[in-house]
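Everything below belongs to query_13.txt, which stores compact mmCIF, C-alpha atoms.
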# COMPACT_ATOMS: atom_id res chain seq x y z
CA ASP A 1 -12.42 -58.32 116.61
CA LEU A 2 -14.71 -60.68 114.69
CA PRO A 3 -13.83 -63.69 112.52
CA ASN A 4 -14.37 -63.12 108.79
CA ASP A 5 -16.57 -64.68 106.10
CA ARG A 6 -14.11 -67.54 105.45
CA ALA A 7 -14.28 -68.52 109.11
CA ALA A 8 -18.08 -68.39 108.86
CA LEU A 9 -18.06 -70.88 105.99
CA ASN A 10 -15.77 -73.20 107.96
CA LYS A 11 -18.01 -72.99 111.02
CA LEU A 12 -21.11 -73.68 108.94
CA GLU A 13 -19.46 -76.64 107.21
CA HIS A 14 -18.76 -78.16 110.65
CA GLU A 15 -22.38 -77.61 111.78
CA LEU A 16 -23.80 -79.01 108.53
CA ARG A 17 -21.83 -82.24 109.02
CA LYS A 18 -23.39 -82.59 112.48
CA ALA A 19 -26.83 -81.85 111.01
CA GLU A 20 -26.37 -84.57 108.36
CA GLN A 21 -25.86 -87.07 111.16
CA GLY A 22 -29.18 -86.06 112.67
CA GLN A 23 -27.60 -84.36 115.68
CA SER A 24 -28.90 -80.82 115.11
CA THR A 25 -30.34 -78.15 112.82
CA VAL A 26 -28.46 -74.97 111.90
CA ALA A 27 -29.78 -71.51 111.06
CA VAL A 28 -27.86 -68.85 109.14
CA VAL A 29 -28.72 -65.17 109.44
CA VAL A 30 -27.32 -62.47 107.16
CA MET A 31 -27.75 -58.96 108.58
CA ASP A 32 -27.26 -56.03 106.20
CA ILE A 33 -26.83 -52.62 107.84
CA GLU A 34 -28.85 -50.24 105.68
CA GLY A 35 -27.41 -46.81 104.89
CA LEU A 36 -23.91 -47.65 106.11
CA ARG A 37 -22.33 -46.09 103.01
CA ASP A 38 -24.18 -42.84 103.67
CA LEU A 39 -22.93 -42.90 107.26
CA ASN A 40 -19.37 -43.44 106.07
CA LEU A 41 -19.71 -40.64 103.51
CA TYR A 42 -21.04 -38.00 105.90
CA LEU A 43 -19.53 -38.90 109.26
CA GLY A 44 -16.25 -40.51 108.16
CA HIS A 45 -14.48 -43.82 108.62
CA SER A 46 -13.72 -43.50 112.34
CA ILE A 47 -17.35 -42.91 113.30
CA THR A 48 -18.49 -45.74 111.02
CA ASP A 49 -15.92 -48.10 112.56
CA GLU A 50 -17.19 -47.19 116.01
CA VAL A 51 -20.77 -47.92 114.90
CA LEU A 52 -19.73 -51.37 113.63
CA GLN A 53 -17.98 -52.14 116.92
CA ARG A 54 -20.99 -50.95 118.93
CA PHE A 55 -23.27 -53.14 116.81
CA ALA A 56 -21.08 -56.21 117.42
CA ARG A 57 -21.08 -55.52 121.16
CA LEU A 58 -24.87 -55.23 121.04
CA VAL A 59 -25.32 -58.59 119.31
CA ARG A 60 -22.92 -60.73 121.36
CA PRO A 61 -24.89 -60.79 124.67
CA LEU A 62 -27.95 -62.05 122.77
CA LEU A 63 -26.16 -65.18 121.53
CA GLY A 64 -26.19 -68.66 123.00
CA SER A 65 -23.02 -70.54 123.90
CA GLU A 66 -22.84 -72.30 120.49
CA ASP A 67 -23.91 -69.29 118.41
CA LYS A 68 -21.28 -67.37 116.48
CA LEU A 69 -21.14 -63.85 115.01
CA PHE A 70 -18.98 -63.09 111.94
CA ARG A 71 -18.06 -60.00 109.94
CA GLY A 72 -19.40 -60.77 106.48
CA ARG A 73 -18.91 -58.99 103.20
CA ASP A 74 -19.68 -55.35 102.38
CA ASP A 75 -22.14 -54.04 104.99
CA GLU A 76 -23.05 -57.47 106.36
CA PHE A 77 -22.77 -59.41 109.60
CA TRP A 78 -23.40 -63.16 109.61
CA LEU A 79 -24.74 -65.43 112.33
CA VAL A 80 -24.40 -69.21 112.51
CA LEU A 81 -26.89 -70.58 115.04
CA PRO A 82 -26.84 -74.35 115.68
CA THR A 83 -29.69 -75.84 117.72
CA GLU A 84 -30.44 -79.30 119.07
CA ALA A 85 -33.73 -79.36 117.13
CA ARG A 86 -34.02 -82.59 115.11
CA GLY A 87 -36.47 -84.38 112.87
CA PRO A 88 -39.41 -82.97 110.86
CA LEU A 89 -39.97 -80.09 113.30
CA GLY A 90 -36.29 -79.25 113.48
CA LEU A 91 -36.35 -76.59 110.77
CA LYS A 92 -39.38 -74.90 112.33
CA LYS A 93 -37.83 -74.83 115.80
CA SER A 94 -34.52 -73.54 114.42
CA ALA A 95 -36.29 -70.74 112.53
CA GLU A 96 -38.25 -69.82 115.66
CA TYR A 97 -35.04 -69.61 117.70
CA ALA A 98 -33.32 -67.36 115.14
CA SER A 99 -36.44 -65.21 114.71
CA ALA A 100 -36.70 -64.66 118.46
CA LEU A 101 -33.05 -63.59 118.56
CA LEU A 102 -33.62 -61.12 115.72
CA LYS A 103 -36.70 -59.73 117.44
CA ARG A 104 -34.65 -58.96 120.56
CA LEU A 105 -31.93 -57.37 118.40
CA TYR A 106 -34.38 -55.16 116.51
CA THR A 107 -35.81 -54.00 119.85
CA GLU A 108 -32.31 -53.09 121.08
CA LEU A 109 -31.60 -51.16 117.87
CA GLN A 110 -34.47 -48.78 118.57
CA THR A 111 -32.14 -47.04 121.04
CA PRO A 112 -29.68 -44.80 119.12
CA PHE A 113 -25.92 -45.11 119.58
CA GLU A 114 -24.42 -42.04 121.27
CA LEU A 115 -21.18 -41.24 119.40
CA GLU A 116 -19.29 -38.00 120.13
CA ASP A 117 -21.66 -35.33 118.78
CA TYR A 118 -23.90 -37.78 116.91
CA ARG A 119 -26.86 -40.02 117.68
CA VAL A 120 -26.95 -42.89 115.16
CA THR A 121 -29.94 -45.20 114.74
CA LEU A 122 -29.24 -48.32 112.67
CA SER A 123 -31.68 -49.93 110.27
CA LEU A 124 -31.20 -53.63 109.57
CA ALA A 125 -32.34 -55.89 106.71
CA SER A 126 -32.05 -59.54 107.72
CA GLY A 127 -32.38 -62.85 105.91
CA LEU A 128 -32.74 -66.26 107.56
CA ALA A 129 -32.18 -69.75 106.15
CA CYS A 130 -32.21 -73.09 108.00
CA SER A 131 -30.65 -76.43 107.07
CA GLN A 132 -30.43 -80.02 108.30
CA GLY A 133 -27.37 -80.77 106.20
CA HIS A 134 -26.87 -82.22 102.71
CA GLU A 135 -26.02 -78.73 101.43
CA LEU A 136 -22.84 -76.80 100.81
CA PRO A 137 -22.14 -73.86 103.17
CA ALA A 138 -22.19 -71.41 100.24
CA GLU A 139 -25.65 -72.69 99.22
CA VAL A 140 -27.11 -72.01 102.66
CA PHE A 141 -25.62 -68.50 102.75
CA GLU A 142 -26.99 -67.86 99.24
CA LYS A 143 -30.47 -68.72 100.51
CA ALA A 144 -30.04 -66.29 103.40
CA LEU A 145 -28.91 -63.59 100.94
CA LEU A 146 -32.03 -64.17 98.83
CA ALA A 147 -34.07 -63.67 101.99
CA VAL A 148 -32.20 -60.38 102.62
CA LYS A 149 -33.15 -59.16 99.15
CA ASN A 150 -36.75 -60.03 99.87
CA ALA A 151 -36.58 -58.15 103.19
CA LYS A 152 -35.34 -55.03 101.36
CA ARG A 153 -38.23 -55.26 98.91
CA LEU A 154 -40.60 -55.20 101.88
CA GLY A 155 -39.11 -51.92 103.15
CA ARG A 156 -36.47 -50.68 105.57
CA GLY A 157 -35.78 -52.49 108.82
CA ARG A 158 -37.40 -55.78 107.82
CA ALA A 159 -36.50 -59.46 108.23
CA SER A 160 -37.41 -62.35 105.96
CA ILE A 161 -37.17 -66.17 106.02
CA TYR A 162 -36.01 -68.02 102.92
CA LEU A 163 -38.72 -69.69 100.84
CA SER A 164 -38.06 -71.74 97.71
CA GLU A 165 -40.22 -69.44 95.56
CA MET A 166 -37.65 -66.68 96.11
CA GLU A 167 -35.48 -68.47 93.54
CA LYS A 168 -38.03 -68.04 90.74
CA PRO A 169 -36.98 -64.43 89.91
CA ILE A 170 -33.34 -65.59 89.80
CA ARG A 171 -34.14 -68.33 87.30
CA ALA A 172 -36.25 -65.93 85.25
CA LYS A 173 -33.38 -63.44 85.22
CA MET A 174 -30.91 -66.06 84.01
CA GLU A 175 -33.28 -67.04 81.18
CA LEU A 176 -33.50 -63.38 80.11
CA ILE A 177 -29.76 -62.86 79.57
CA PRO A 178 -29.35 -64.83 76.29
CA GLN A 179 -32.60 -63.28 75.03
CA LEU A 180 -31.26 -59.79 75.74
CA ARG A 181 -28.09 -60.56 73.82
CA GLN A 182 -30.21 -61.69 70.84
CA ALA A 183 -32.39 -58.59 71.16
CA LEU A 184 -29.35 -56.34 70.87
CA ASN A 185 -27.95 -58.24 67.86
CA ARG A 186 -31.32 -58.36 66.09
CA GLY A 187 -32.28 -54.73 66.64
CA GLN A 188 -35.26 -55.41 68.91
CA PHE A 189 -34.58 -52.45 71.19
CA GLU A 190 -36.25 -49.14 70.45
CA LEU A 191 -36.61 -45.70 72.01
CA ARG A 192 -39.76 -44.00 73.17
CA PHE A 193 -39.78 -40.33 74.09
CA GLN A 194 -41.35 -38.32 76.89
CA PRO A 195 -41.62 -34.54 76.42
CA ILE A 196 -40.47 -32.16 79.14
CA TYR A 197 -42.41 -28.91 79.11
CA ASP A 198 -41.37 -25.39 80.01
CA LEU A 199 -44.46 -24.20 81.91
CA THR A 200 -43.54 -20.54 81.49
CA LEU A 201 -43.07 -20.62 77.70
CA ARG A 202 -45.68 -23.40 77.25
CA THR A 203 -43.46 -25.30 74.89
CA VAL A 204 -41.47 -28.52 74.79
CA LYS A 205 -37.97 -27.80 76.07
CA ALA A 206 -36.48 -31.27 76.31
CA VAL A 207 -37.14 -34.93 75.58
CA GLU A 208 -36.37 -37.89 77.83
CA SER A 209 -35.37 -41.04 75.97
CA LEU A 210 -36.93 -44.26 77.29
CA LEU A 211 -35.65 -47.70 76.37
CA ARG A 212 -38.14 -50.38 75.31
CA TRP A 213 -37.76 -53.97 74.09
CA GLU A 214 -40.01 -55.08 71.24
CA HIS A 215 -40.06 -58.82 71.91
CA PRO A 216 -41.12 -60.91 68.87
CA LEU A 217 -43.46 -63.08 71.01
CA ASN A 218 -44.24 -61.06 74.14
CA GLY A 219 -44.63 -57.64 72.56
CA LEU A 220 -43.43 -54.40 74.16
CA ILE A 221 -41.45 -54.99 77.38
CA GLU A 222 -40.78 -52.24 79.93
CA PRO A 223 -37.22 -51.82 81.35
CA GLY A 224 -38.36 -52.82 84.82
CA VAL A 225 -38.65 -56.38 83.55
CA PHE A 226 -35.18 -56.72 81.99
CA LEU A 227 -32.98 -53.94 83.38
CA GLU A 228 -31.68 -55.87 86.40
CA ALA A 229 -30.67 -58.83 84.20
CA ALA A 230 -28.97 -56.43 81.76
CA CYS A 231 -26.98 -54.78 84.58
CA GLU A 232 -25.89 -58.00 86.27
CA SER A 233 -24.82 -59.58 82.97
CA GLY A 234 -22.90 -56.48 81.84
CA LEU A 235 -25.05 -56.14 78.71
CA ILE A 236 -26.24 -52.76 79.98
CA VAL A 237 -22.93 -51.30 78.79
CA LEU A 238 -23.53 -52.34 75.15
CA ILE A 239 -27.21 -51.38 75.34
CA GLY A 240 -26.25 -48.00 76.82
CA GLU A 241 -23.78 -47.42 74.01
CA TRP A 242 -26.54 -48.11 71.45
CA VAL A 243 -28.84 -45.65 73.23
CA ALA A 244 -26.14 -42.94 73.40
CA CYS A 245 -25.32 -43.21 69.68
CA ASN A 246 -28.97 -42.93 68.66
CA VAL A 247 -29.77 -40.05 71.00
CA CYS A 248 -26.66 -38.12 69.92
CA GLN A 249 -27.88 -38.31 66.32
CA LEU A 250 -31.30 -36.99 67.40
CA CYS A 251 -29.58 -34.22 69.35
CA LYS A 252 -27.79 -33.20 66.17
CA THR A 253 -30.98 -33.26 64.07
CA TYR A 254 -33.25 -31.44 66.53
CA LYS A 255 -30.94 -28.76 67.86
CA ASN A 256 -33.68 -26.74 69.54
CA LEU A 257 -34.29 -29.51 72.08
CA HIS A 258 -32.34 -31.02 74.95
CA TRP A 259 -32.14 -34.83 74.84
CA SER A 260 -31.69 -36.87 78.00
CA ILE A 261 -30.65 -40.48 78.48
CA ASN A 262 -30.47 -42.60 81.63
CA VAL A 263 -27.04 -43.91 82.60
CA SER A 264 -26.48 -46.74 85.09
CA ALA A 265 -23.78 -46.85 87.75
CA GLN A 266 -22.23 -49.81 85.94
CA GLU A 267 -21.83 -47.75 82.77
CA LEU A 268 -20.31 -44.83 84.70
CA MET A 269 -17.74 -47.08 86.32
CA GLN A 270 -16.52 -48.56 83.03
CA ALA A 271 -12.95 -47.44 82.31
CA ASP A 272 -13.81 -46.48 78.71
CA PHE A 273 -17.19 -44.87 79.45
CA LEU A 274 -16.04 -41.33 78.67
CA GLU A 275 -14.21 -42.50 75.55
CA ARG A 276 -17.35 -44.17 74.18
CA LEU A 277 -19.51 -41.17 75.06
CA GLN A 278 -17.01 -38.80 73.41
CA LYS A 279 -17.00 -41.01 70.29
CA ALA A 280 -20.81 -40.93 70.08
CA ALA A 281 -20.83 -37.12 70.50
CA GLU A 282 -18.13 -36.61 67.85
CA SER A 283 -19.87 -38.96 65.43
CA ALA A 284 -22.99 -36.79 65.71
CA GLN A 285 -20.84 -33.63 65.51
CA LEU A 286 -22.33 -32.19 68.70
CA THR A 287 -21.05 -28.71 69.41
CA ARG A 288 -23.09 -27.54 72.41
CA SER A 289 -22.69 -28.83 75.95
CA ASP A 290 -26.35 -28.47 76.97
CA GLY A 291 -27.87 -30.53 74.17
CA LEU A 292 -27.23 -33.98 75.69
CA ILE A 293 -28.24 -34.66 79.30
CA LEU A 294 -27.08 -37.72 81.23
CA GLU A 295 -29.52 -38.70 83.96
CA VAL A 296 -27.96 -40.63 86.83
CA SER A 297 -29.95 -41.84 89.83
CA GLU A 298 -28.95 -40.14 93.07
CA SER A 299 -28.29 -43.50 94.73
CA HIS A 300 -25.66 -44.26 92.05
CA LEU A 301 -23.70 -41.13 92.92
CA LEU A 302 -22.94 -42.09 96.52
CA GLY A 303 -19.38 -43.03 97.33
CA ASP A 304 -16.01 -41.52 96.58
CA SER A 305 -14.36 -43.88 94.09
CA GLU A 306 -11.83 -42.32 91.72
CA GLN A 307 -13.54 -43.91 88.68
CA LEU A 308 -16.82 -42.23 89.57
CA LYS A 309 -15.14 -38.85 90.16
CA THR A 310 -13.30 -39.07 86.83
CA ALA A 311 -16.46 -39.96 84.94
CA LEU A 312 -18.47 -37.11 86.47
CA LYS A 313 -15.73 -34.56 85.77
CA GLY A 314 -15.45 -35.73 82.17
CA ILE A 315 -19.14 -35.46 81.30
CA GLY A 316 -18.80 -31.78 80.37
CA ARG A 317 -15.92 -32.53 78.00
CA CYS A 318 -18.25 -34.88 76.10
CA LYS A 319 -20.70 -32.08 75.29
CA ALA A 320 -23.13 -33.33 77.93
CA THR A 321 -24.75 -32.12 81.16
CA LEU A 322 -25.30 -34.12 84.35
CA ALA A 323 -28.82 -34.47 85.77
CA ILE A 324 -29.46 -36.12 89.13
CA ASP A 325 -32.53 -38.33 88.88
CA ASP A 326 -34.85 -39.38 91.72
CA PHE A 327 -33.45 -36.71 94.04
CA SER A 328 -34.73 -37.15 97.58
CA PHE A 329 -33.07 -34.48 99.79
CA ASP A 330 -31.82 -37.35 101.95
CA HIS A 331 -28.44 -38.35 100.53
CA LEU A 332 -26.78 -35.42 98.83
CA SER A 333 -26.16 -32.21 100.72
CA MET A 334 -26.33 -28.94 98.79
CA LYS A 335 -22.54 -28.66 99.08
CA ARG A 336 -22.06 -32.08 97.48
CA LEU A 337 -24.68 -31.23 94.87
CA GLN A 338 -22.64 -28.20 93.85
CA ALA A 339 -19.41 -30.22 93.79
CA LEU A 340 -20.92 -32.71 91.34
CA GLY A 341 -21.53 -29.96 88.80
CA ALA A 342 -25.10 -31.05 88.10
CA GLY A 343 -27.09 -28.98 85.64
CA TYR A 344 -30.48 -30.42 86.60
CA VAL A 345 -32.17 -32.06 89.54
CA LYS A 346 -35.25 -34.27 89.06
CA LEU A 347 -37.25 -34.71 92.24
CA GLY A 348 -38.13 -38.22 93.33
CA GLY A 349 -41.69 -39.46 92.90
CA HIS A 350 -42.26 -39.73 96.65
CA ILE A 351 -41.77 -35.93 96.86
CA THR A 352 -43.91 -34.88 93.88
CA GLN A 353 -46.72 -37.23 94.86
CA ASN A 354 -47.01 -35.52 98.26
CA VAL A 355 -46.56 -31.88 97.32
CA ASP A 356 -48.98 -30.74 100.02
CA GLU A 357 -46.78 -32.22 102.75
CA PRO A 358 -43.60 -30.51 104.06
CA VAL A 359 -40.35 -31.95 102.70
CA PHE A 360 -38.25 -31.22 105.80

Step by step, read the file and then write its structure as structure tokens.
Amino acid sequence: DLPNDRAALNKLEHELRKAEQGQSTVAVVVMDIEGLRDLNLYLGHSITDEVLQRFARLVRPLLGSEDKLFRGRDDEFWLVLPTEARGPLGLKKSAEYASALLKRLYTELQTPFELEDYRVTLSLASGLACSQGHELPAEVFEKALLAVKNAKRLGRGRASIYLSEMEKPIRAKMELIPQLRQALNRGQFELRFQPIYDLTLRTVKAVESLLRWEHPLNGLIEPGVFLEAACESGLIVLIGEWVACNVCQLCKTYKNLHWSINVSAQELMQADFLERLQKAAESAQLTRSDGLILEVSESHLLGDSEQLKTALKGIGRCKATLAIDDFSFDHLSMKRLQALGAGYVKLGGHITQNVDEPVF
């Protein structure tokens, strides 16, 4: 029973016009419910819907008479909070008002929701941006979304206020995209290899293929620097195809080893992913299904889309084996693990770095 994101933009446009006239200051809060997809996956749509309704009922009593709650996009709720704060201190007072509201909300969320046979505790990532007008509604929401991303980098259940320096990574990412396209055309990408040992036989059993970018000016660049830009621009699909073709050839040459490559969610969801993988395997004349291993992060395997199911089922037909990377014991039950047909599980770093502590 909440107005949608379009209504939120209309409401904000109205408040920004008032702010331009010096009548007020407006704050926008984007609240992202963390782990909502997991909740939907394990408990079902009806329980998730009830959680969303309970959350809305929890927020409403905290709002002032002019404040408005909206159902945003994906897992988000949006708040538009106009205040009478004016002048140079207006932005500060508006941010303080919104921050105090969020503090009360986070305190309320410490009490779990009692739902049928379940007790659900919500975790919230929030971003706050304030304006005194002279901006488009979409620009103010974009600032709040940048603050949400910053909150998630800080950890679960955090809130963050927009600062102009948050835009620097965005600009840097945009500058990277044409350089990545040039790197692919000019053959600047290369593969490095990490051996995987069989501790019983004391020999190398497999090799993990690691992508690197040999930049003509900046030298060797790790994927952490450019991978996000490659994914958001769609170039990861072409880069992934280059990796698959090269690794398939190595798999053919060194038949006594298993060769693994990392595959992004964006690649998996491409309609022709299996076709391109099959083409690379046939070009290298691969005949065994355990020679090529596709490593997919556990977080990329959540959800139940038909494209994802089709891609996972087709991996075996492409002479490849699925490996779940960064496995955490949190998301995938053993039943779901079996259903995915995974040949390997790679434990997440937070587990292997604390091997003396109990997992469960």

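The space separating CA of Val59 (chain A) from CA of Asp1 (chain A) comes to 13.2 Å.
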
Within 12 Å of Tyr197 (chain A), counting all atoms listed in the file, which residues show up once you throw out same-chain ones fewer than 4 positions away? Write them as a PDB file with C-alpha atoms, in the frame of the given file, please.
ATOM      1  CA  LEU A 201     -43.070 -20.620  77.700  1.00  0.00           C
ATOM      2  CA  ARG A 202     -45.680 -23.400  77.250  1.00  0.00           C
ATOM      3  CA  THR A 203     -43.460 -25.300  74.890  1.00  0.00           C
ATOM      4  CA  VAL A 204     -41.470 -28.520  74.790  1.00  0.00           C
ATOM      5  CA  LYS A 205     -37.970 -27.800  76.070  1.00  0.00           C
ATOM      6  CA  ALA A 206     -36.480 -31.270  76.310  1.00  0.00           C
ATOM      7  CA  VAL A 207     -37.140 -34.930  75.580  1.00  0.00           C
ATOM      8  CA  GLU A 208     -36.370 -37.890  77.830  1.00  0.00           C
ATOM      9  CA  LEU A 257     -34.290 -29.510  72.080  1.00  0.00           C
ATOM     10  CA  HIS A 258     -32.340 -31.020  74.950  1.00  0.00           C
TER      11      HIS A 258
END

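Relative to CA of Thr121 (chain A), CA of Asn40 (chain A) is found at 13.8 Å.
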
When you look at Gly72 (chain A) with a cut-off of 7 Å (counting only C-alpha atoms), what residues show up, excluding the ones that are within fewer than 4 positions of it in the same chain? I need them as a CSV table (one decimal) with C-alpha atoms, in the frame of the given file.
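As written to disk, out-v8.csv reads:
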chain,number,residue,atom,x,y,z
A,4,ASN,CA,-14.4,-63.1,108.8
A,5,ASP,CA,-16.6,-64.7,106.1
A,76,GLU,CA,-23.0,-57.5,106.4
A,77,PHE,CA,-22.8,-59.4,109.6
A,78,TRP,CA,-23.4,-63.2,109.6

>> For Glu96 (chain A), find every residue with an atom within 10 Å (counting only C-alpha atoms), except residues of its own chain fewer than 6 positions away, and show them as number ranges by chain.
In response: A: 27, 90, 102

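Those DNA, RNA and protein residues that approach the point (-20.3, -69.9, 103.6) to within 8 Å, considering only C-alpha atoms, are A:Asp5, A:Arg6, A:Ala8, A:Leu9, A:Asn10, A:Leu12, A:Glu13, A:Leu136, A:Pro137, A:Ala138, A:Glu139, A:Val140, A:Phe141.
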
>> I want to know what sits within 8 Å of region 234-248 of chain A, based on all atoms listed in the file, with residues of the same chain fewer than 5 positions away left out; could you give that as a list in words?
In response: Leu180, Arg181, Leu184, Leu191, Ser209, Leu211, Leu227, Trp259, Ser260, Ile261, Val263, Ser264, Gln266, Glu267, Arg276, Leu277, Ala280, Ala281, Ala284, Leu286 and Leu292 of chain A

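CA of Ala323 (chain A) lies 5.6 Å from CA of Val345 (chain A).
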
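The smallest atom-to-atom distance between Asn150 (chain A) and any of A:Leu217, A:Leu39, A:Leu128, A:Leu62, using only C-alpha atoms, is found for A:Leu128.
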
> Pick from A:Gln23, A:Ser164, A:Gln338, A:Thr310: nearest to Arg86 (chain A), with only C-alpha atoms counted?
Replying inline: A:Gln23

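Using all atoms listed in the file, the contacts of region 218-220 of chain A at a cut-off of 12 Å, with sequence neighbours closer than 4 positions omitted, comprise A:Gln179, A:Gln188, A:Phe189, A:Glu190, A:Leu191, A:Arg192, A:Leu211, A:Arg212, A:Trp213, A:Glu214, A:Gly224, A:Val225, A:Phe226.
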